[in-house]
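Participant: Contents of upload.csv (CSV, N, CA and C atoms) are given next:
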```csv
chain,number,residue,atom,x,y,z
U,1170,MET,N,-17.2,-19.1,-10.9
U,1170,MET,CA,-18.3,-18.4,-10.2
U,1170,MET,C,-18.0,-18.6,-8.7
U,1171,VAL,N,-18.2,-17.6,-7.9
U,1171,VAL,CA,-17.9,-17.6,-6.5
U,1171,VAL,C,-19.3,-17.9,-5.8
U,1172,ASP,N,-19.3,-18.8,-4.8
U,1172,ASP,CA,-20.5,-19.1,-4.1
U,1172,ASP,C,-20.9,-18.0,-3.1
U,1173,ARG,N,-22.1,-17.9,-2.8
U,1173,ARG,CA,-22.7,-16.9,-1.9
U,1173,ARG,C,-22.0,-16.8,-0.5
U,1174,ARG,N,-21.7,-17.9,0.1
U,1174,ARG,CA,-21.1,-17.9,1.4
U,1174,ARG,C,-19.7,-17.3,1.3
U,1175,SER,N,-18.9,-17.7,0.3
U,1175,SER,CA,-17.6,-17.1,0.1
U,1175,SER,C,-17.6,-15.6,0.0
U,1176,VAL,N,-18.6,-15.1,-0.7
U,1176,VAL,CA,-18.8,-13.7,-0.9
U,1176,VAL,C,-19.1,-13.0,0.4
U,1177,GLN,N,-20.0,-13.6,1.2
U,1177,GLN,CA,-20.4,-13.0,2.5
U,1177,GLN,C,-19.2,-13.0,3.4
U,1178,ILE,N,-18.4,-14.1,3.5
U,1178,ILE,CA,-17.2,-14.1,4.3
U,1178,ILE,C,-16.2,-13.0,3.9
U,1179,SER,N,-16.0,-12.9,2.6
U,1179,SER,CA,-15.1,-11.9,2.1
U,1179,SER,C,-15.6,-10.5,2.4
U,1180,LEU,N,-16.8,-10.3,2.3
U,1180,LEU,CA,-17.4,-8.9,2.6
U,1180,LEU,C,-17.2,-8.6,4.0
U,1181,ILE,N,-17.5,-9.5,4.9
U,1181,ILE,CA,-17.3,-9.3,6.4
U,1181,ILE,C,-15.8,-9.0,6.7
U,1182,ALA,N,-14.9,-9.7,6.1
U,1182,ALA,CA,-13.5,-9.5,6.3
U,1182,ALA,C,-13.1,-8.1,5.9
U,1183,HIS,N,-13.5,-7.6,4.8
U,1183,HIS,CA,-13.1,-6.3,4.3
U,1183,HIS,C,-13.8,-5.2,5.1
U,1184,ALA,N,-15.1,-5.4,5.4
U,1184,ALA,CA,-15.9,-4.4,6.1
U,1184,ALA,C,-15.5,-4.3,7.6
U,1185,SER,N,-14.8,-5.3,8.1
U,1185,SER,CA,-14.5,-5.3,9.5
U,1185,SER,C,-13.5,-4.1,9.9
U,1186,ILE,N,-13.0,-3.4,8.9
U,1186,ILE,CA,-12.1,-2.3,9.2
U,1186,ILE,C,-12.9,-1.2,9.9
U,1187,LEU,N,-14.2,-1.2,9.8
U,1187,LEU,CA,-15.1,-0.2,10.5
U,1187,LEU,C,-15.0,-0.4,12.0
U,1188,VAL,N,-14.6,-1.6,12.5
U,1188,VAL,CA,-14.4,-1.9,13.9
U,1188,VAL,C,-13.3,-1.0,14.4
U,1189,GLY,N,-12.4,-0.6,13.6
U,1189,GLY,CA,-11.2,0.2,14.0
U,1189,GLY,C,-11.6,1.6,14.5
U,1190,PHE,N,-12.8,2.1,14.2
U,1190,PHE,CA,-13.2,3.3,14.7
U,1190,PHE,C,-13.5,3.3,16.2
U,1191,PHE,N,-13.7,2.0,16.7
U,1191,PHE,CA,-14.0,1.8,18.1
U,1191,PHE,C,-13.0,1.1,18.9
U,1192,PHE,N,-12.3,0.2,18.2
U,1192,PHE,CA,-11.3,-0.7,18.7
U,1192,PHE,C,-10.1,-0.8,17.7
U,1193,ARG,N,-9.0,-0.3,18.2
U,1193,ARG,CA,-7.9,0.0,17.3
U,1193,ARG,C,-7.4,-1.3,16.5
U,1194,TYR,N,-7.6,-2.4,17.1
U,1194,TYR,CA,-7.0,-3.7,16.5
U,1194,TYR,C,-8.1,-4.4,15.7
U,1195,SER,N,-8.6,-3.7,14.7
U,1195,SER,CA,-9.6,-4.3,13.8
U,1195,SER,C,-9.1,-5.5,13.0
U,1196,PHE,N,-7.8,-5.6,12.8
U,1196,PHE,CA,-7.3,-6.7,12.0
U,1196,PHE,C,-7.5,-8.1,12.6
U,1197,ILE,N,-8.0,-8.1,13.9
U,1197,ILE,CA,-8.2,-9.4,14.6
U,1197,ILE,C,-9.3,-10.2,13.9
U,1198,LEU,N,-10.4,-9.5,13.5
U,1198,LEU,CA,-11.6,-10.2,12.9
U,1198,LEU,C,-11.2,-10.8,11.6
U,1199,PRO,N,-10.6,-10.1,10.6
U,1199,PRO,CA,-10.2,-10.8,9.4
U,1199,PRO,C,-9.2,-11.9,9.6
U,1200,LEU,N,-8.3,-11.7,10.6
U,1200,LEU,CA,-7.3,-12.7,10.9
U,1200,LEU,C,-8.0,-14.0,11.4
U,1201,LEU,N,-9.0,-13.8,12.2
U,1201,LEU,CA,-9.8,-15.0,12.7
U,1201,LEU,C,-10.5,-15.7,11.5
U,1202,ILE,N,-11.1,-14.9,10.6
U,1202,ILE,CA,-11.8,-15.4,9.5
U,1202,ILE,C,-10.8,-16.2,8.6
U,1203,TRP,N,-9.6,-15.6,8.3
U,1203,TRP,CA,-8.6,-16.2,7.5
U,1203,TRP,C,-8.1,-17.5,8.1
U,1204,LYS,N,-7.9,-17.5,9.4
U,1204,LYS,CA,-7.3,-18.7,10.0
U,1204,LYS,C,-8.3,-19.8,10.4
U,1205,THR,N,-9.6,-19.5,10.5
U,1205,THR,CA,-10.5,-20.5,11.0
U,1205,THR,C,-11.6,-20.9,10.0
U,1206,MET,N,-12.0,-19.9,9.1
U,1206,MET,CA,-13.1,-20.2,8.2
U,1206,MET,C,-12.4,-20.6,6.8
U,1207,LYS,N,-12.1,-21.8,6.7
U,1207,LYS,CA,-11.5,-22.3,5.5
U,1207,LYS,C,-12.6,-22.8,4.5
U,1208,HIS,N,-13.4,-21.8,4.1
U,1208,HIS,CA,-14.5,-22.2,3.2
U,1208,HIS,C,-14.1,-22.4,1.8
U,1209,SER,N,-13.3,-21.4,1.3
U,1209,SER,CA,-12.9,-21.5,-0.1
U,1209,SER,C,-11.6,-20.7,-0.3
U,1210,LYS,N,-10.9,-21.0,-1.4
U,1210,LYS,CA,-9.7,-20.2,-1.6
U,1210,LYS,C,-10.0,-18.7,-1.8
U,1211,TYR,N,-11.1,-18.4,-2.4
U,1211,TYR,CA,-11.5,-17.0,-2.6
U,1211,TYR,C,-11.7,-16.3,-1.2
U,1212,SER,N,-12.5,-16.8,-0.4
U,1212,SER,CA,-12.7,-16.2,0.9
U,1212,SER,C,-11.4,-16.1,1.8
U,1213,GLU,N,-10.7,-17.2,1.7
U,1213,GLU,CA,-9.4,-17.2,2.5
U,1213,GLU,C,-8.4,-16.2,2.0
U,1214,GLY,N,-8.3,-16.0,0.6
U,1214,GLY,CA,-7.5,-15.0,0.1
U,1214,GLY,C,-7.9,-13.6,0.4
U,1215,GLN,N,-9.2,-13.4,0.3
U,1215,GLN,CA,-9.7,-12.0,0.6
U,1215,GLN,C,-9.5,-11.7,2.1
U,1216,ALA,N,-9.7,-12.7,3.0
U,1216,ALA,CA,-9.5,-12.4,4.4
U,1216,ALA,C,-8.1,-12.1,4.7
U,1217,ARG,N,-7.2,-12.8,4.0
U,1217,ARG,CA,-5.7,-12.6,4.1
U,1217,ARG,C,-5.4,-11.1,3.7
U,1218,GLN,N,-6.0,-10.7,2.5
U,1218,GLN,CA,-5.7,-9.4,2.1
U,1218,GLN,C,-6.2,-8.3,3.1
U,1219,ALA,N,-7.4,-8.6,3.6
U,1219,ALA,CA,-8.0,-7.6,4.6
U,1219,ALA,C,-7.2,-7.6,5.8
U,1220,THR,N,-6.7,-8.7,6.3
U,1220,THR,CA,-5.8,-8.7,7.5
U,1220,THR,C,-4.5,-7.9,7.2
U,1221,TYR,N,-3.9,-8.1,6.1
U,1221,TYR,CA,-2.6,-7.4,5.9
U,1221,TYR,C,-2.9,-5.9,5.7
U,1222,TYR,N,-4.0,-5.5,5.1
U,1222,TYR,CA,-4.3,-4.1,4.9
U,1222,TYR,C,-4.7,-3.5,6.2
U,1223,GLN,N,-5.4,-4.1,7.1
U,1223,GLN,CA,-5.7,-3.5,8.3
U,1223,GLN,C,-4.5,-3.4,9.3
U,1224,ILE,N,-3.6,-4.4,9.2
U,1224,ILE,CA,-2.3,-4.2,9.9
U,1224,ILE,C,-1.6,-3.0,9.4
U,1225,PHE,N,-1.5,-2.8,8.1
U,1225,PHE,CA,-0.9,-1.7,7.5
U,1225,PHE,C,-1.6,-0.4,8.0
U,1226,ALA,N,-2.9,-0.4,8.0
U,1226,ALA,CA,-3.6,0.8,8.5
U,1226,ALA,C,-3.3,1.1,9.9
U,1227,LEU,N,-3.2,0.1,10.8
U,1227,LEU,CA,-2.8,0.3,12.2
U,1227,LEU,C,-1.4,0.9,12.3
U,1228,LEU,N,-0.5,0.3,11.5
U,1228,LEU,CA,0.9,0.8,11.6
U,1228,LEU,C,1.0,2.3,11.1
U,1229,LEU,N,0.2,2.6,10.1
U,1229,LEU,CA,0.2,4.0,9.6
U,1229,LEU,C,-0.4,5.0,10.7
U,1230,ILE,N,-1.4,4.6,11.3
U,1230,ILE,CA,-2.0,5.4,12.4
U,1230,ILE,C,-1.0,5.6,13.5
U,1231,LEU,N,-0.3,4.5,13.9
U,1231,LEU,CA,0.7,4.6,14.9
U,1231,LEU,C,1.9,5.5,14.5
U,1232,VAL,N,2.3,5.5,13.3
U,1232,VAL,CA,3.3,6.4,12.8
U,1232,VAL,C,2.9,7.8,12.9
U,1233,ILE,N,1.6,8.1,12.5
U,1233,ILE,CA,1.1,9.4,12.6
U,1233,ILE,C,1.1,9.9,14.1
U,1234,SER,N,0.7,9.0,15.0
U,1234,SER,CA,0.6,9.4,16.4
U,1234,SER,C,2.0,9.6,17.0
U,1235,PHE,N,2.9,8.7,16.7
U,1235,PHE,CA,4.3,8.9,17.3
U,1235,PHE,C,5.0,10.0,16.5
U,1236,GLY,N,4.7,10.2,15.2
U,1236,GLY,CA,5.4,11.2,14.4
U,1236,GLY,C,5.0,12.6,14.9
U,1237,GLY,N,3.8,12.8,15.3
U,1237,GLY,CA,3.4,14.1,15.9
U,1237,GLY,C,4.1,14.4,17.1
U,1238,GLU,N,4.4,13.4,18.0
U,1238,GLU,CA,5.1,13.7,19.2
U,1238,GLU,C,6.6,14.0,18.9
U,1239,PHE,N,7.2,13.3,17.9
U,1239,PHE,CA,8.6,13.5,17.6
U,1239,PHE,C,8.8,14.9,16.9
U,1240,ILE,N,7.9,15.3,16.1
U,1240,ILE,CA,8.0,16.6,15.5
U,1240,ILE,C,8.1,17.7,16.5
U,1241,ILE,N,7.2,17.6,17.5
U,1241,ILE,CA,7.2,18.6,18.6
U,1241,ILE,C,8.5,18.6,19.4
U,1242,LEU,N,9.0,17.4,19.6
U,1242,LEU,CA,10.3,17.3,20.4
U,1242,LEU,C,11.4,17.9,19.7
U,1243,LEU,N,11.4,17.9,18.3
U,1243,LEU,CA,12.5,18.4,17.6
U,1243,LEU,C,12.4,19.9,17.4
U,1244,SER,N,11.3,20.5,17.8
U,1244,SER,CA,11.2,22.0,17.7
U,1244,SER,C,10.7,22.6,19.0
U,1245,PRO,N,11.7,22.8,19.9
U,1245,PRO,CA,11.4,23.4,21.2
U,1245,PRO,C,10.9,24.8,21.1
U,1246,ALA,N,10.2,25.2,22.1
U,1246,ALA,CA,9.6,26.6,22.2
U,1246,ALA,C,10.8,27.6,22.3
U,1247,ALA,N,10.5,28.8,22.1
U,1247,ALA,CA,11.5,29.9,22.2
U,1247,ALA,C,12.1,30.0,23.6
U,1248,ASP,N,11.4,29.7,24.6
U,1248,ASP,CA,12.0,29.8,26.0
U,1248,ASP,C,12.7,28.5,26.4
U,1249,GLY,N,12.9,27.6,25.4
U,1249,GLY,CA,13.7,26.4,25.7
U,1249,GLY,C,12.9,25.2,26.2
U,1250,ARG,N,11.6,25.4,26.6
U,1250,ARG,CA,10.8,24.3,27.1
U,1250,ARG,C,10.3,23.5,25.9
U,1251,VAL,N,10.0,22.2,26.1
U,1251,VAL,CA,9.5,21.4,25.1
U,1251,VAL,C,8.0,21.6,25.0
U,1252,GLN,N,7.5,21.8,23.8
U,1252,GLN,CA,6.1,22.0,23.6
U,1252,GLN,C,5.4,20.6,23.6
U,1253,LYS,N,4.2,20.6,24.0
U,1253,LYS,CA,3.3,19.4,23.9
U,1253,LYS,C,2.5,19.4,22.7
U,1254,VAL,N,2.5,18.3,21.9
U,1254,VAL,CA,1.8,18.3,20.7
U,1254,VAL,C,0.3,18.4,21.0
U,1255,ASP,N,-0.4,19.1,20.1
U,1255,ASP,CA,-1.8,19.2,20.3
U,1255,ASP,C,-2.5,17.9,20.0
U,1256,ASP,N,-2.9,17.2,21.0
U,1256,ASP,CA,-3.5,15.8,20.9
U,1256,ASP,C,-4.7,15.8,20.0
U,1257,LEU,N,-5.5,16.9,20.1
U,1257,LEU,CA,-6.7,16.9,19.3
U,1257,LEU,C,-6.4,17.0,17.8
U,1258,LEU,N,-5.4,17.7,17.4
U,1258,LEU,CA,-5.0,17.8,16.0
U,1258,LEU,C,-4.5,16.5,15.5
U,1259,VAL,N,-3.7,15.8,16.3
U,1259,VAL,CA,-3.2,14.5,15.9
U,1259,VAL,C,-4.4,13.5,15.8
U,1260,LYS,N,-5.3,13.5,16.7
U,1260,LYS,CA,-6.5,12.6,16.7
U,1260,LYS,C,-7.3,12.9,15.4
U,1261,GLU,N,-7.5,14.2,15.1
U,1261,GLU,CA,-8.2,14.6,13.9
U,1261,GLU,C,-7.5,14.1,12.6
U,1262,ILE,N,-6.2,14.2,12.5
U,1262,ILE,CA,-5.5,13.7,11.4
U,1262,ILE,C,-5.6,12.2,11.3
U,1263,GLU,N,-5.5,11.5,12.5
U,1263,GLU,CA,-5.7,10.0,12.5
U,1263,GLU,C,-7.0,9.6,12.0
U,1264,PHE,N,-8.1,10.4,12.4
U,1264,PHE,CA,-9.4,10.1,12.0
U,1264,PHE,C,-9.6,10.2,10.5
U,1265,VAL,N,-9.1,11.3,9.9
U,1265,VAL,CA,-9.2,11.5,8.5
U,1265,VAL,C,-8.5,10.5,7.7
U,1266,VAL,N,-7.3,10.1,8.1
U,1266,VAL,CA,-6.5,9.1,7.4
U,1266,VAL,C,-7.2,7.8,7.5
U,1267,TYR,N,-7.7,7.4,8.7
U,1267,TYR,CA,-8.4,6.1,8.9
U,1267,TYR,C,-9.7,6.1,8.1
U,1268,THR,N,-10.4,7.2,8.0
U,1268,THR,CA,-11.6,7.2,7.2
U,1268,THR,C,-11.3,7.0,5.8
U,1269,LEU,N,-10.3,7.6,5.2
U,1269,LEU,CA,-9.9,7.3,3.8
U,1269,LEU,C,-9.5,5.9,3.6
U,1270,LEU,N,-8.7,5.3,4.6
U,1270,LEU,CA,-8.3,3.9,4.5
U,1270,LEU,C,-9.5,3.0,4.5
U,1271,SER,N,-10.5,3.4,5.4
U,1271,SER,CA,-11.7,2.6,5.5
U,1271,SER,C,-12.6,2.6,4.3
U,1272,LEU,N,-12.6,3.8,3.6
U,1272,LEU,CA,-13.4,3.9,2.4
U,1272,LEU,C,-12.8,3.0,1.3
U,1273,TYR,N,-11.5,2.9,1.2
U,1273,TYR,CA,-10.9,2.0,0.3
U,1273,TYR,C,-11.2,0.5,0.6
U,1274,ALA,N,-11.2,0.2,1.9
U,1274,ALA,CA,-11.5,-1.2,2.3
U,1274,ALA,C,-13.0,-1.5,2.0
U,1275,LEU,N,-13.9,-0.5,2.2
U,1275,LEU,CA,-15.3,-0.7,1.9
U,1275,LEU,C,-15.5,-0.9,0.4
U,1276,TYR,N,-14.6,-0.2,-0.4
U,1276,TYR,CA,-14.7,-0.5,-1.9
U,1276,TYR,C,-14.3,-1.9,-2.2
U,1277,GLY,N,-13.3,-2.4,-1.4
U,1277,GLY,CA,-13.0,-3.9,-1.5
U,1277,GLY,C,-14.2,-4.8,-1.2
U,1278,ALA,N,-14.9,-4.4,-0.1
U,1278,ALA,CA,-16.1,-5.1,0.3
U,1278,ALA,C,-17.1,-5.1,-0.8
U,1279,TYR,N,-17.3,-3.9,-1.4
U,1279,TYR,CA,-18.3,-3.8,-2.5
U,1279,TYR,C,-17.9,-4.7,-3.7
U,1280,ARG,N,-16.6,-4.7,-4.0
U,1280,ARG,CA,-16.1,-5.5,-5.1
U,1280,ARG,C,-16.4,-7.0,-4.8
U,1281,CYS,N,-16.1,-7.4,-3.6
U,1281,CYS,CA,-16.4,-8.8,-3.2
U,1281,CYS,C,-17.8,-9.1,-3.2
U,1282,SER,N,-18.7,-8.2,-2.8
U,1282,SER,CA,-20.1,-8.4,-2.8
U,1282,SER,C,-20.6,-8.7,-4.2
U,1283,LYS,N,-19.9,-8.3,-5.2
U,1283,LYS,CA,-20.3,-8.6,-6.6
U,1283,LYS,C,-19.6,-9.9,-7.1
U,1284,GLY,N,-18.8,-10.5,-6.2
U,1284,GLY,CA,-18.1,-11.8,-6.6
U,1284,GLY,C,-16.8,-11.5,-7.4
U,1285,GLY,N,-16.4,-10.3,-7.4
U,1285,GLY,CA,-15.2,-9.9,-8.1
U,1285,GLY,C,-13.9,-10.1,-7.3
U,1286,GLU,N,-12.8,-10.3,-7.9
U,1286,GLU,CA,-11.5,-10.4,-7.3
U,1286,GLU,C,-11.1,-9.0,-6.9
U,1287,PHE,N,-10.5,-8.8,-5.7
U,1287,PHE,CA,-10.0,-7.5,-5.2
U,1287,PHE,C,-8.7,-7.7,-4.6
U,1288,LYS,N,-7.7,-6.8,-5.0
U,1288,LYS,CA,-6.4,-6.8,-4.3
U,1288,LYS,C,-6.1,-5.4,-4.0
U,1289,TYR,N,-5.6,-5.2,-2.7
U,1289,TYR,CA,-5.2,-3.8,-2.3
U,1289,TYR,C,-4.0,-3.4,-3.0
U,1290,MET,N,-3.8,-2.1,-3.3
U,1290,MET,CA,-2.6,-1.7,-4.0
U,1290,MET,C,-1.3,-2.0,-3.3
U,1291,LEU,N,-1.3,-1.6,-2.0
U,1291,LEU,CA,0.0,-1.7,-1.3
U,1291,LEU,C,0.4,-3.1,-0.8
U,1292,VAL,N,-0.6,-3.9,-0.4
U,1292,VAL,CA,-0.4,-5.2,0.2
U,1292,VAL,C,-1.0,-6.4,-0.7
U,1293,GLY,N,-1.4,-6.1,-1.9
U,1293,GLY,CA,-2.1,-7.0,-2.7
U,1293,GLY,C,-1.3,-8.2,-3.1
U,1294,ASN,N,0.0,-8.1,-3.2
U,1294,ASN,CA,0.9,-9.2,-3.6
U,1294,ASN,C,1.5,-10.0,-2.5
U,1295,LEU,N,1.1,-9.7,-1.2
U,1295,LEU,CA,1.7,-10.5,-0.1
U,1295,LEU,C,1.0,-11.8,0.0
```
Show me the file's structure as structure tokens.
Facilitator:
Amino acid sequence: MVDRRSVQISLIAHASILVGFFFRYSFILPLLIWKTMKHSKYSEGQARQATYYQIFALLLILVISFGGEFIILLSPAADGRVQKVDDLLVKEIEFVVYTLLSLYALYGAYRCSKGGEFKYMLVGNL
């Protein structure tokens, strides 16, 4: 049985992905929890999972951002000039992807709130 404090720490670590909507480096909060709050193996493991997942989310968003720029560079306009990628479109795609990633992290927070074990699909074994 997992104690209440471990559950709360784990829940905060997973739900901290919501900070990413305002501050891109949301992985800092679960990283701080993982490295400083040595309450239990459960909360430490969950904070580690949340840290890795949020780093993965940040890298994916950066790939989308830079990928949009590279796609446009590879397809010049008919008159030979380089087109500028539509920044609004790239931001919208980033928002949708980050929202989906956040929903998965919130599912992890929900599972932890019930005291259950949760492992992310892509980074669960790190």
Participant: Counting only C-alpha atoms, which residue out of U:Met1206, U:Gly1189, U:Ser1175, U:His1183 sits closest to Ala1278 (chain U)?
Facilitator: U:His1183
Participant: Atom C of Tyr1211 (chain U) and CA of Arg1280 (chain U) are how many Å apart?
Facilitator: 12.3 Å
Participant: Looking at only C-alpha atoms, which of U:Val1188, U:Val1265, U:Cys1281, U:Leu1227 is the one that sits closest to Asp1172 (chain U)?
Facilitator: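 Looking only at the distances to Asp1172 (chain U), the closest residue turns out to be U:Cys1281.
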Participant: Taking into account only N, CA and C atoms, which residue in the set U:Ala1219, U:Leu1257, U:Ile1262, U:Ala1274 is nearest to Ile1233 (chain U)?
Facilitator: U:Ile1262
Participant: Once you count all atoms listed in the file, what closest atom pair and distance in Å to one decimal does each residue of region 1208-1246 of chain U within 6.5 Å of region 1176-1179 of chain U have, with rows by chain and rising residue number, as a tab-separated table?
Facilitator:
```
residue	atom	partner	partner_atom	distance
U:Tyr1211	C	U:Ser1179	CA	6.5
U:Ser1212	CA	U:Ser1179	N	5.0
U:Gln1215	C	U:Ser1179	CA	5.6
U:Ala1216	N	U:Ser1179	CA	5.5
```
Participant: Once you have the residues from the selection above, write them out as a PDB file, in the coordinates of the input, restricted to N, CA and C atoms.
Facilitator:
```
ATOM      1  N   TYR U1211     -11.100 -18.400  -2.400  1.00  0.00           N
ATOM      2  CA  TYR U1211     -11.500 -17.000  -2.600  1.00  0.00           C
ATOM      3  C   TYR U1211     -11.700 -16.300  -1.200  1.00  0.00           C
ATOM      4  N   SER U1212     -12.500 -16.800  -0.400  1.00  0.00           N
ATOM      5  CA  SER U1212     -12.700 -16.200   0.900  1.00  0.00           C
ATOM      6  C   SER U1212     -11.400 -16.100   1.800  1.00  0.00           C
ATOM      7  N   GLN U1215      -9.200 -13.400   0.300  1.00  0.00           N
ATOM      8  CA  GLN U1215      -9.700 -12.000   0.600  1.00  0.00           C
ATOM      9  C   GLN U1215      -9.500 -11.700   2.100  1.00  0.00           C
ATOM     10  N   ALA U1216      -9.700 -12.700   3.000  1.00  0.00           N
ATOM     11  CA  ALA U1216      -9.500 -12.400   4.400  1.00  0.00           C
ATOM     12  C   ALA U1216      -8.100 -12.100   4.700  1.00  0.00           C
TER      13      ALA U1216
END
```
Participant: Record the distance separating atom N of Met1290 (chain U) and atom N of Thr1268 (chain U), expressed in Å with one decimal.
Facilitator: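 Going from atom N of Met1290 (chain U) over to atom N of Thr1268 (chain U), I get 16.1 Å.
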